$ cat coords_1.csv   # CSV, C-alpha atoms
chain,number,residue,atom,x,y,z
A,284,MET,CA,130.4,-13.9,84.5
A,285,LYS,CA,129.4,-12.0,81.4
A,286,GLU,CA,127.6,-15.0,79.8
A,287,HIS,CA,125.6,-15.7,83.0
A,288,THR,CA,124.5,-12.1,83.2
A,289,TRP,CA,123.2,-12.2,79.6
A,290,ILE,CA,121.3,-15.4,80.3
A,291,ILE,CA,119.7,-14.0,83.4
A,292,GLU,CA,118.7,-10.8,81.7
A,293,TRP,CA,117.3,-12.8,78.8
A,294,PHE,CA,115.2,-14.9,81.2
A,295,GLN,CA,114.0,-11.7,82.8
A,296,LYS,CA,112.9,-10.3,79.4
A,297,CYS,CA,111.1,-13.6,78.7
A,298,GLU,CA,109.2,-13.3,81.9
A,299,GLU,CA,108.4,-9.6,81.3
A,300,LEU,CA,107.1,-10.3,77.8
A,301,GLU,CA,105.3,-13.5,78.9
A,302,ILE,CA,107.3,-15.7,76.4
A,303,LYS,CA,108.7,-19.0,77.5
A,304,PRO,CA,112.4,-19.1,76.6
A,305,TRP,CA,112.1,-22.2,74.4
A,306,GLU,CA,109.5,-20.3,72.4
A,307,TRP,CA,111.6,-17.1,72.1
A,308,ASP,CA,112.1,-16.2,68.4
A,309,PHE,CA,115.7,-15.0,68.0
A,310,LYS,CA,114.6,-12.8,65.1
A,311,GLN,CA,113.7,-10.6,68.0
A,312,SER,CA,117.4,-9.8,68.1
A,313,TYR,CA,116.9,-7.5,65.1
A,314,ILE,CA,113.7,-5.7,66.1
A,315,LYS,CA,113.7,-3.1,68.8
A,316,GLU,CA,110.1,-3.5,70.0
A,317,PRO,CA,108.5,-6.8,71.0
A,318,ILE,CA,107.3,-8.8,68.0
A,319,PRO,CA,103.6,-8.0,67.7
A,320,LYS,CA,101.5,-11.0,68.5
A,321,ASP,CA,99.4,-10.6,65.4
A,322,LYS,CA,102.5,-10.5,63.1
A,323,SER,CA,102.6,-13.3,60.6
A,324,SER,CA,105.6,-15.6,61.5
A,325,ILE,CA,105.9,-16.4,57.8
A,326,GLU,CA,106.1,-12.8,56.8
A,327,LEU,CA,108.6,-12.2,59.6
A,328,ILE,CA,111.0,-15.0,58.5
A,329,LEU,CA,110.8,-13.8,54.9
A,330,ASP,CA,111.7,-10.3,56.0
A,331,TYR,CA,114.6,-11.8,57.9
A,332,LYS,CA,115.8,-13.8,54.9
A,333,SER,CA,115.5,-10.7,52.8
A,334,ARG,CA,117.8,-8.8,55.2
A,335,LYS,CA,115.0,-6.3,56.1
A,336,LEU,CA,115.4,-6.6,59.9
A,337,LYS,CA,117.9,-3.8,60.4
A,338,GLU,CA,117.5,-2.8,64.1
A,339,ILE,CA,119.6,-3.9,67.0
A,340,GLY,CA,116.8,-5.6,68.9
A,341,ILE,CA,116.0,-7.1,72.2
A,342,CYS,CA,118.8,-9.3,73.7
A,343,ASN,CA,121.0,-8.8,70.7
A,344,VAL,CA,124.5,-10.1,71.5
A,345,THR,CA,126.4,-9.8,68.2
A,346,LYS,CA,125.4,-6.1,67.7
A,347,LYS,CA,124.7,-7.0,64.1
A,348,ALA,CA,121.5,-6.7,62.0
A,349,GLY,CA,120.3,-6.5,58.4
A,350,ARG,CA,122.5,-8.5,56.0
A,351,LYS,CA,124.8,-9.5,58.9
A,352,ALA,CA,121.9,-10.8,61.0
A,353,ASP,CA,122.4,-14.4,62.0
A,354,CYS,CA,119.9,-15.8,64.6
A,355,ASP,CA,121.9,-18.9,65.5
A,356,LYS,CA,124.9,-16.8,66.5
A,357,GLU,CA,123.0,-14.8,69.1
A,358,PRO,CA,122.7,-17.4,72.0
A,359,PHE,CA,126.4,-18.2,72.0
A,360,TYR,CA,126.5,-17.7,75.8
A,361,ILE,CA,124.1,-20.6,76.1
A,362,TYR,CA,126.4,-22.7,73.8
A,363,GLN,CA,129.3,-21.8,76.1
A,364,LEU,CA,127.4,-22.9,79.2
A,365,LEU,CA,126.1,-26.2,77.8
A,366,TRP,CA,128.9,-27.3,75.5
A,367,SER,CA,131.9,-25.3,76.7
A,368,THR,CA,132.4,-23.7,73.3
A,369,ASP,CA,135.1,-21.1,73.7
A,370,TYR,CA,134.4,-18.5,71.1
A,371,GLU,CA,132.7,-15.2,70.5
A,372,PRO,CA,131.3,-14.1,67.1
A,373,LYS,CA,134.0,-12.5,64.8
A,374,PRO,CA,133.8,-10.8,61.5
A,375,LYS,CA,133.9,-13.3,58.6
A,376,SER,CA,137.1,-11.6,57.4
A,377,GLN,CA,138.8,-13.0,60.5
A,378,LEU,CA,137.4,-16.5,60.2
A,379,SER,CA,140.5,-18.1,58.7
A,380,LEU,CA,142.6,-16.5,61.4
A,381,ASP,CA,140.5,-17.2,64.4
A,382,ARG,CA,140.2,-20.8,65.7
A,383,HIS,CA,137.3,-19.7,67.9
A,384,ASN,CA,135.0,-19.4,64.9
A,385,LEU,CA,135.6,-23.0,63.7
A,386,LEU,CA,132.9,-24.3,66.0
A,387,ARG,CA,129.9,-22.1,66.0
A,388,GLY,CA,126.1,-21.9,66.3
A,389,GLU,CA,124.0,-23.3,63.4
A,390,THR,CA,120.4,-23.9,62.6
A,391,MET,CA,119.5,-27.6,62.4
A,392,ASN,CA,116.3,-27.6,60.4
A,393,SER,CA,115.8,-25.0,57.6
A,394,PHE,CA,112.4,-23.3,57.1
A,395,ILE,CA,113.0,-21.8,53.6
A,396,THR,CA,114.0,-25.0,51.8
A,397,THR,CA,110.7,-26.7,52.7
A,398,PHE,CA,108.5,-23.6,52.4
A,399,ASN,CA,109.7,-22.8,48.9
A,400,HIS,CA,109.3,-26.4,47.8
A,401,SER,CA,105.8,-26.7,49.4
A,402,LYS,CA,104.4,-24.3,46.7
A,403,LYS,CA,104.9,-27.1,44.2
A,404,ILE,CA,102.8,-29.7,46.1
A,405,THR,CA,100.1,-27.7,47.9
A,406,SER,CA,97.3,-25.3,47.0
A,407,SER,CA,97.4,-21.7,48.2
A,408,ASP,CA,94.7,-22.2,50.7
A,409,ASN,CA,96.2,-25.3,52.1
A,410,HIS,CA,95.5,-26.1,55.8
A,411,LEU,CA,99.2,-26.6,56.4
A,412,LYS,CA,99.8,-22.9,56.6
A,413,LEU,CA,99.2,-22.9,60.3
A,414,GLU,CA,101.9,-25.5,60.8
A,415,PHE,CA,104.2,-23.4,58.7
A,416,GLU,CA,103.4,-20.4,60.9
A,417,LYS,CA,104.6,-22.4,63.9
A,418,PHE,CA,107.7,-23.6,62.1
A,419,ALA,CA,108.6,-20.1,61.0
A,420,THR,CA,109.0,-19.2,64.6
A,421,ALA,CA,110.4,-22.5,65.8
A,422,THR,CA,113.2,-22.3,63.2
A,423,HIS,CA,114.9,-19.6,65.2
A,424,CYS,CA,114.1,-21.0,68.7
A,425,ILE,CA,116.8,-22.4,70.9
A,426,GLY,CA,115.7,-26.0,70.4
A,427,ASN,CA,116.6,-25.7,66.7
A,428,PHE,CA,120.2,-24.5,67.3
A,429,THR,CA,123.3,-26.5,67.9
A,430,VAL,CA,127.0,-26.0,67.3
A,431,LEU,CA,128.9,-27.5,64.4
A,432,PRO,CA,132.3,-27.2,62.9
A,433,HIS,CA,132.2,-24.5,60.2
A,434,TRP,CA,133.3,-26.9,57.4
A,435,MET,CA,130.5,-29.4,58.3
A,436,ASN,CA,127.6,-27.0,58.1
A,437,SER,CA,129.0,-25.5,54.9
A,438,GLY,CA,128.9,-28.9,53.2
A,439,ARG,CA,125.8,-30.5,54.7
A,440,TYR,CA,123.2,-28.7,52.6
A,441,LEU,CA,124.0,-30.5,49.4
A,442,PHE,CA,123.9,-33.8,51.2
A,443,SER,CA,120.9,-33.3,53.5
A,444,GLN,CA,119.0,-30.3,52.2
A,445,ASP,CA,119.2,-29.2,55.8
A,446,TYR,CA,116.9,-32.0,57.0
A,447,TRP,CA,118.3,-32.8,60.4
A,448,ASP,CA,117.2,-36.5,60.4
A,449,VAL,CA,119.4,-37.0,57.3
A,450,THR,CA,122.3,-35.3,59.0
A,451,MET,CA,121.8,-37.5,62.1
A,452,TYR,CA,121.7,-40.6,60.0
A,453,SER,CA,125.1,-39.7,58.6
A,454,LEU,CA,126.5,-39.0,62.0
A,455,PHE,CA,125.1,-42.3,63.3
A,456,GLU,CA,126.9,-44.2,60.5
A,457,PHE,CA,130.2,-42.5,61.6
A,458,PHE,CA,129.9,-42.5,65.4
A,459,GLN,CA,128.1,-45.8,66.1
A,460,PRO,CA,131.0,-48.1,65.0
A,461,LEU,CA,133.3,-46.0,67.2
A,462,GLY,CA,131.2,-46.7,70.3
A,463,CYS,CA,130.4,-43.0,71.0
A,464,TRP,CA,127.1,-42.5,69.4
A,465,LYS,CA,125.0,-42.4,72.5
A,466,GLN,CA,127.4,-40.1,74.2
A,467,PHE,CA,127.1,-37.7,71.3
A,468,VAL,CA,123.3,-37.8,71.4
A,469,GLU,CA,123.3,-37.1,75.1
A,470,ARG,CA,125.9,-34.4,74.9
A,471,TYR,CA,123.8,-32.4,72.4
A,472,PHE,CA,120.3,-33.4,73.6
A,473,LEU,CA,119.4,-35.1,70.4
A,474,GLN,CA,117.2,-37.8,71.9
A,475,PRO,CA,114.0,-36.4,70.1
A,476,TYR,CA,115.7,-37.5,66.8
A,477,VAL,CA,116.5,-41.1,67.8
A,478,ASN,CA,114.5,-44.1,68.9
A,479,ASN,CA,114.9,-45.6,72.4
A,480,ASP,CA,116.0,-48.9,71.0
A,481,GLU,CA,119.2,-50.8,71.6
A,482,GLU,CA,121.3,-48.8,69.2
A,483,TRP,CA,119.4,-45.5,69.4
A,484,THR,CA,118.6,-45.6,65.7
A,485,VAL,CA,117.7,-42.3,63.9
A,486,SER,CA,114.1,-41.7,63.3
A,487,GLU,CA,112.9,-40.5,59.8
A,488,PHE,CA,110.8,-37.4,59.4
A,489,TRP,CA,108.6,-39.4,57.1
A,490,LYS,CA,108.6,-43.0,55.8
A,491,GLY,CA,111.2,-43.6,53.2
A,492,HIS,CA,113.1,-40.4,53.7
A,493,PHE,CA,116.4,-42.1,54.1
A,494,ASP,CA,115.9,-44.0,50.9
A,495,SER,CA,116.2,-40.7,49.1
A,496,ILE,CA,119.7,-40.0,50.4
A,497,GLY,CA,121.8,-39.3,47.4
A,498,ASN,CA,118.8,-38.2,45.3
A,499,TYR,CA,118.8,-34.4,45.6
A,500,ASN,CA,115.3,-33.9,44.2
A,501,HIS,CA,113.6,-36.4,46.5
A,502,LEU,CA,115.0,-35.3,49.9
A,503,LYS,CA,112.1,-32.9,50.2
A,504,PRO,CA,108.5,-33.9,50.9
A,505,GLN,CA,106.9,-35.3,47.8
A,506,ASN,CA,103.3,-34.8,48.7
A,507,GLU,CA,101.0,-33.2,51.3
A,508,GLN,CA,101.0,-36.2,53.5
A,509,GLU,CA,104.8,-36.2,53.8
A,510,LEU,CA,104.8,-32.4,54.3
A,511,SER,CA,102.2,-32.6,57.0
A,512,GLU,CA,104.2,-35.4,58.8
A,513,TYR,CA,107.4,-33.4,58.6
A,514,LEU,CA,105.9,-30.2,59.9
A,515,HIS,CA,104.3,-31.9,62.8
A,516,LYS,CA,107.4,-33.8,63.8
A,517,VAL,CA,109.9,-31.0,63.3
A,518,ASN,CA,107.9,-28.6,65.4
A,519,LEU,CA,107.5,-31.1,68.2
A,520,ARG,CA,111.1,-32.0,68.3
A,521,ILE,CA,112.3,-28.4,68.4
A,522,GLU,CA,110.0,-27.7,71.3
A,523,GLU,CA,111.0,-30.9,73.2
A,524,ARG,CA,114.7,-30.3,72.8
A,525,GLY,CA,114.4,-26.6,73.6
A,526,LYS,CA,112.6,-27.3,76.9
A,527,TRP,CA,115.4,-29.6,77.9
A,528,MET,CA,118.1,-27.1,77.0
A,529,ILE,CA,116.4,-24.4,79.1
A,530,LYS,CA,115.9,-26.8,82.0
A,531,LYS,CA,119.7,-27.6,81.9
A,532,VAL,CA,120.6,-23.9,81.8
A,533,CYS,CA,118.3,-23.2,84.8
A,534,GLU,CA,119.7,-26.0,86.9
A,535,GLU,CA,123.4,-25.2,85.9
A,536,LEU,CA,123.0,-21.6,87.0
A,537,LYS,CA,120.5,-22.3,89.9
A,538,LEU,CA,117.8,-20.2,88.2
A,539,GLN,CA,114.9,-22.4,89.2
A,540,HIS,CA,113.0,-19.4,90.7
A,541,PHE,CA,111.8,-18.3,87.2
A,542,THR,CA,108.1,-19.0,86.7
A,543,PHE,CA,108.6,-20.9,83.5
A,544,TYR,CA,110.8,-23.5,85.3
A,545,ASP,CA,107.7,-24.9,87.0
A,546,GLU,CA,106.8,-26.4,83.6
A,547,LEU,CA,110.3,-28.0,83.4
A,548,LYS,CA,111.2,-29.2,86.8
A,549,ASP,CA,109.8,-32.7,86.5
A,550,ARG,CA,110.6,-33.2,82.8
A,551,GLN,CA,112.8,-35.9,81.3
A,552,ILE,CA,113.8,-35.5,77.6
A,553,ARG,CA,111.8,-37.9,75.4
A,554,PHE,CA,113.0,-40.0,72.5
A,555,SER,CA,111.5,-39.9,69.0
A,556,ASN,CA,109.3,-42.9,69.5
A,557,GLU,CA,107.9,-41.4,72.7
A,558,LEU,CA,106.7,-38.2,70.9
A,559,LYS,CA,103.3,-38.1,69.3

$ encode --input "coords_1.csv" --output "structure tokens"
Amino acid sequence: MKEHTWIIEWFQKCEELEIKPWEWDFKQSYIKEPIPKDKSSIELILDYKSRKLKEIGICNVTKKAGRKADCDKEPFYIYQLLWSTDYEPKPKSQLSLDRHNLLRGETMNSFITTFNHSKKITSSDNHLKLEFEKFATATHCIGNFTVLPHWMNSGRYLFSQDYWDVTMYSLFEFFQPLGCWKQFVERYFLQPYVNNDEEWTVSEFWKGHFDSIGNYNHLKPQNEQELSEYLHKVNLRIEERGKWMIKKVCEELKLQHFTFYDELKDRQIRFSNELK
């Protein structure tokens, strides 16, 4: 099948470039040559946001770039495999006519929102720059992608500022009374965002974050301590979820022969309170 071929070829490219699939930066889809190891991840994501990445790059599926580049649309064959999403990317002009675009790939945690805000609460030589470098890459790694109905993602920014713990809290309030919360979490591999308690309650990125729901200006970190806690937690959760997603893909397609699978074969996905 076409989607299986793409996944196999992507895994082969990961092996060739010595990049673990859960660390693959899908901004590579818009750069022909491998991303230089000494390239600033922050500079790269700012170039992407500025629509300066105009090449059809490695493992590009959508055949789009520049102002049409959209990283979370590139791994849609993985979405099809894991979640049975039956769609392929279509031009936006066809969106209202094409039901397949109603459920599509989206980025869970936004880099640019927090990065721009951080300039107000940190100094230019702040030690958190290294964590931001990691987040700039992790933002467009597979572990930070999910599928959402188009209408939901369009509306969640004003509510959550694209902080996934806030989105999860809202989903918990909806699904938990219906008795399907745990099934939802398991289906989309969201254990790193919930605690392994009786109800699988949602874990805050920093203490008091949920108290700010409804207050647009306070959903972002208010000081360096909250910012540091957020960057540490979000990077860790993206990596944890990404490893599990790749493990599931390998096992579904019987691709355990790849070298990187050795790191995954004995793993179980961890809950938020199990991550340090």

$ residues_around --input "coords_1.csv" --residues "region 438-448 of chain A" --least-positions-apart "2" --cutoff "9 Å" --atoms "only C-alpha atoms" --output "list in words"
Thr390, Met391, Asn392, Ser393, Thr396, His433, Trp434, Met435, Asn436, Thr450, Met451, Tyr452, Ser453, Tyr476, Val477, Val485, Ser486, Glu487, Phe488, His492, Phe493, Ile496, Gly497, Asn498, Tyr499, Leu502 and Lys503 of chain A

$ closest_residue --input "coords_1.csv" --among "A:Cys297, A:Leu510, A:Leu336, A:Leu547" --to "His400 (chain A)" --atoms "all atoms listed in the file"
A:Leu510

$ residues_around --input "coords_1.csv" --residues "region 299-312 of chain A" --least-positions-apart "4" --cutoff "8 Å" --atoms "only C-alpha atoms" --output "PyMOL selection string"
chain A and resi 294-295+317-318+328+331+339-344+348+354-355+357+420-421+423-426+522+525-526+529+543

$ atom_distance --input "coords_1.csv" --atom1 "CA of Gln539 (chain A)" --atom2 "CA of Arg524 (chain A)"
18.2 Å

$ closest_residue --input "coords_1.csv" --among "A:Trp289, A:Gln505, A:Lys417, A:Thr429" --to "Ile404 (chain A)" --atoms "only C-alpha atoms"
A:Gln505

$ build_atoms --input "coords_1.csv" --residues "region 495-531 of chain A" --atoms "N, CA and C atoms" --output "PDB file, in the coordinates of the input"
ATOM      1  N   SER A 495     115.931 -41.748  50.112  1.00  0.00           N
ATOM      2  CA  SER A 495     116.200 -40.700  49.100  1.00  0.00           C
ATOM      3  C   SER A 495     117.576 -40.074  49.269  1.00  0.00           C
ATOM      4  N   ILE A 496     118.346 -40.524  50.250  1.00  0.00           N
ATOM      5  CA  ILE A 496     119.700 -40.000  50.400  1.00  0.00           C
ATOM      6  C   ILE A 496     120.498 -40.262  49.138  1.00  0.00           C
ATOM      7  N   GLY A 497     121.107 -39.227  48.632  1.00  0.00           N
ATOM      8  CA  GLY A 497     121.800 -39.300  47.400  1.00  0.00           C
ATOM      9  C   GLY A 497     121.028 -38.850  46.186  1.00  0.00           C
ATOM     10  N   ASN A 498     119.728 -38.656  46.393  1.00  0.00           N
ATOM     11  CA  ASN A 498     118.800 -38.200  45.300  1.00  0.00           C
ATOM     12  C   ASN A 498     118.380 -36.760  45.716  1.00  0.00           C
ATOM     13  N   TYR A 499     119.066 -35.765  45.239  1.00  0.00           N
ATOM     14  CA  TYR A 499     118.800 -34.400  45.600  1.00  0.00           C
ATOM     15  C   TYR A 499     117.378 -33.974  45.535  1.00  0.00           C
ATOM     16  N   ASN A 500     116.695 -34.364  44.477  1.00  0.00           N
ATOM     17  CA  ASN A 500     115.300 -33.900  44.200  1.00  0.00           C
ATOM     18  C   ASN A 500     114.289 -34.578  45.108  1.00  0.00           C
ATOM     19  N   HIS A 501     114.630 -35.677  45.743  1.00  0.00           N
ATOM     20  CA  HIS A 501     113.600 -36.400  46.500  1.00  0.00           C
ATOM     21  C   HIS A 501     113.841 -36.332  48.024  1.00  0.00           C
ATOM     22  N   LEU A 502     114.782 -35.511  48.471  1.00  0.00           N
ATOM     23  CA  LEU A 502     115.000 -35.300  49.900  1.00  0.00           C
ATOM     24  C   LEU A 502     113.895 -34.480  50.530  1.00  0.00           C
ATOM     25  N   LYS A 503     113.210 -33.686  49.722  1.00  0.00           N
ATOM     26  CA  LYS A 503     112.100 -32.900  50.200  1.00  0.00           C
ATOM     27  C   LYS A 503     110.815 -33.643  50.172  1.00  0.00           C
ATOM     28  N   PRO A 504     109.807 -33.235  50.961  1.00  0.00           N
ATOM     29  CA  PRO A 504     108.500 -33.900  50.900  1.00  0.00           C
ATOM     30  C   PRO A 504     107.958 -33.958  49.489  1.00  0.00           C
ATOM     31  N   GLN A 505     107.414 -35.110  49.124  1.00  0.00           N
ATOM     32  CA  GLN A 505     106.900 -35.300  47.800  1.00  0.00           C
ATOM     33  C   GLN A 505     105.432 -35.097  47.611  1.00  0.00           C
ATOM     34  N   ASN A 506     104.718 -34.996  48.726  1.00  0.00           N
ATOM     35  CA  ASN A 506     103.300 -34.800  48.700  1.00  0.00           C
ATOM     36  C   ASN A 506     102.823 -34.174  49.992  1.00  0.00           C
ATOM     37  N   GLU A 507     101.544 -33.837  50.069  1.00  0.00           N
ATOM     38  CA  GLU A 507     101.000 -33.200  51.300  1.00  0.00           C
ATOM     39  C   GLU A 507     101.119 -34.021  52.505  1.00  0.00           C
ATOM     40  N   GLN A 508     100.963 -35.329  52.353  1.00  0.00           N
ATOM     41  CA  GLN A 508     101.000 -36.200  53.500  1.00  0.00           C
ATOM     42  C   GLN A 508     102.434 -36.175  54.133  1.00  0.00           C
ATOM     43  N   GLU A 509     103.465 -36.266  53.298  1.00  0.00           N
ATOM     44  CA  GLU A 509     104.800 -36.200  53.800  1.00  0.00           C
ATOM     45  C   GLU A 509     105.140 -34.833  54.403  1.00  0.00           C
ATOM     46  N   LEU A 510     104.633 -33.785  53.766  1.00  0.00           N
ATOM     47  CA  LEU A 510     104.800 -32.400  54.300  1.00  0.00           C
ATOM     48  C   LEU A 510     104.179 -32.245  55.626  1.00  0.00           C
ATOM     49  N   SER A 511     102.957 -32.734  55.763  1.00  0.00           N
ATOM     50  CA  SER A 511     102.200 -32.600  57.000  1.00  0.00           C
ATOM     51  C   SER A 511     102.966 -33.373  58.134  1.00  0.00           C
ATOM     52  N   GLU A 512     103.446 -34.575  57.815  1.00  0.00           N
ATOM     53  CA  GLU A 512     104.200 -35.400  58.800  1.00  0.00           C
ATOM     54  C   GLU A 512     105.451 -34.674  59.233  1.00  0.00           C
ATOM     55  N   TYR A 513     106.146 -34.089  58.255  1.00  0.00           N
ATOM     56  CA  TYR A 513     107.400 -33.400  58.600  1.00  0.00           C
ATOM     57  C   TYR A 513     107.140 -32.193  59.488  1.00  0.00           C
ATOM     58  N   LEU A 514     106.179 -31.352  59.139  1.00  0.00           N
ATOM     59  CA  LEU A 514     105.900 -30.200  59.900  1.00  0.00           C
ATOM     60  C   LEU A 514     105.534 -30.505  61.363  1.00  0.00           C
ATOM     61  N   HIS A 515     104.701 -31.516  61.504  1.00  0.00           N
ATOM     62  CA  HIS A 515     104.300 -31.900  62.800  1.00  0.00           C
ATOM     63  C   HIS A 515     105.504 -32.422  63.639  1.00  0.00           C
ATOM     64  N   LYS A 516     106.314 -33.258  63.030  1.00  0.00           N
ATOM     65  CA  LYS A 516     107.400 -33.800  63.800  1.00  0.00           C
ATOM     66  C   LYS A 516     108.517 -32.825  64.064  1.00  0.00           C
ATOM     67  N   VAL A 517     108.832 -31.967  63.113  1.00  0.00           N
ATOM     68  CA  VAL A 517     109.900 -31.000  63.300  1.00  0.00           C
ATOM     69  C   VAL A 517     109.562 -30.012  64.405  1.00  0.00           C
ATOM     70  N   ASN A 518     108.338 -29.517  64.389  1.00  0.00           N
ATOM     71  CA  ASN A 518     107.900 -28.600  65.400  1.00  0.00           C
ATOM     72  C   ASN A 518     107.949 -29.191  66.804  1.00  0.00           C
ATOM     73  N   LEU A 519     107.491 -30.428  66.891  1.00  0.00           N
ATOM     74  CA  LEU A 519     107.500 -31.100  68.200  1.00  0.00           C
ATOM     75  C   LEU A 519     108.862 -31.370  68.716  1.00  0.00           C
ATOM     76  N   ARG A 520     109.778 -31.734  67.848  1.00  0.00           N
ATOM     77  CA  ARG A 520     111.100 -32.000  68.300  1.00  0.00           C
ATOM     78  C   ARG A 520     111.913 -30.776  68.678  1.00  0.00           C
ATOM     79  N   ILE A 521     111.684 -29.698  67.980  1.00  0.00           N
ATOM     80  CA  ILE A 521     112.300 -28.400  68.400  1.00  0.00           C
ATOM     81  C   ILE A 521     111.865 -28.010  69.747  1.00  0.00           C
ATOM     82  N   GLU A 522     110.575 -28.109  70.000  1.00  0.00           N
ATOM     83  CA  GLU A 522     110.000 -27.700  71.300  1.00  0.00           C
ATOM     84  C   GLU A 522     110.560 -28.632  72.414  1.00  0.00           C
ATOM     85  N   GLU A 523     110.559 -29.937  72.178  1.00  0.00           N
ATOM     86  CA  GLU A 523     111.000 -30.900  73.200  1.00  0.00           C
ATOM     87  C   GLU A 523     112.477 -30.645  73.557  1.00  0.00           C
ATOM     88  N   ARG A 524     113.303 -30.486  72.559  1.00  0.00           N
ATOM     89  CA  ARG A 524     114.700 -30.300  72.800  1.00  0.00           C
ATOM     90  C   ARG A 524     114.957 -28.900  73.477  1.00  0.00           C
ATOM     91  N   GLY A 525     114.207 -27.890  73.042  1.00  0.00           N
ATOM     92  CA  GLY A 525     114.400 -26.600  73.600  1.00  0.00           C
ATOM     93  C   GLY A 525     114.016 -26.528  75.095  1.00  0.00           C
ATOM     94  N   LYS A 526     112.967 -27.215  75.484  1.00  0.00           N
ATOM     95  CA  LYS A 526     112.600 -27.300  76.900  1.00  0.00           C
ATOM     96  C   LYS A 526     113.712 -27.894  77.727  1.00  0.00           C
ATOM     97  N   TRP A 527     114.308 -28.951  77.196  1.00  0.00           N
ATOM     98  CA  TRP A 527     115.400 -29.600  77.900  1.00  0.00           C
ATOM     99  C   TRP A 527     116.607 -28.741  78.057  1.00  0.00           C
ATOM    100  N   MET A 528     116.927 -28.028  77.002  1.00  0.00           N
ATOM    101  CA  MET A 528     118.100 -27.100  77.000  1.00  0.00           C
ATOM    102  C   MET A 528     117.883 -26.032  78.088  1.00  0.00           C
ATOM    103  N   ILE A 529     116.693 -25.462  78.123  1.00  0.00           N
ATOM    104  CA  ILE A 529     116.400 -24.400  79.100  1.00  0.00           C
ATOM    105  C   ILE A 529     116.415 -24.976  80.514  1.00  0.00           C
ATOM    106  N   LYS A 530     115.900 -26.170  80.680  1.00  0.00           N
ATOM    107  CA  LYS A 530     115.900 -26.800  82.000  1.00  0.00           C
ATOM    108  C   LYS A 530     117.385 -26.992  82.471  1.00  0.00           C
ATOM    109  N   LYS A 531     118.248 -27.432  81.569  1.00  0.00           N
ATOM    110  CA  LYS A 531     119.700 -27.600  81.900  1.00  0.00           C
ATOM    111  C   LYS A 531     120.320 -26.302  82.285  1.00  0.00           C
TER     112      LYS A 531
END
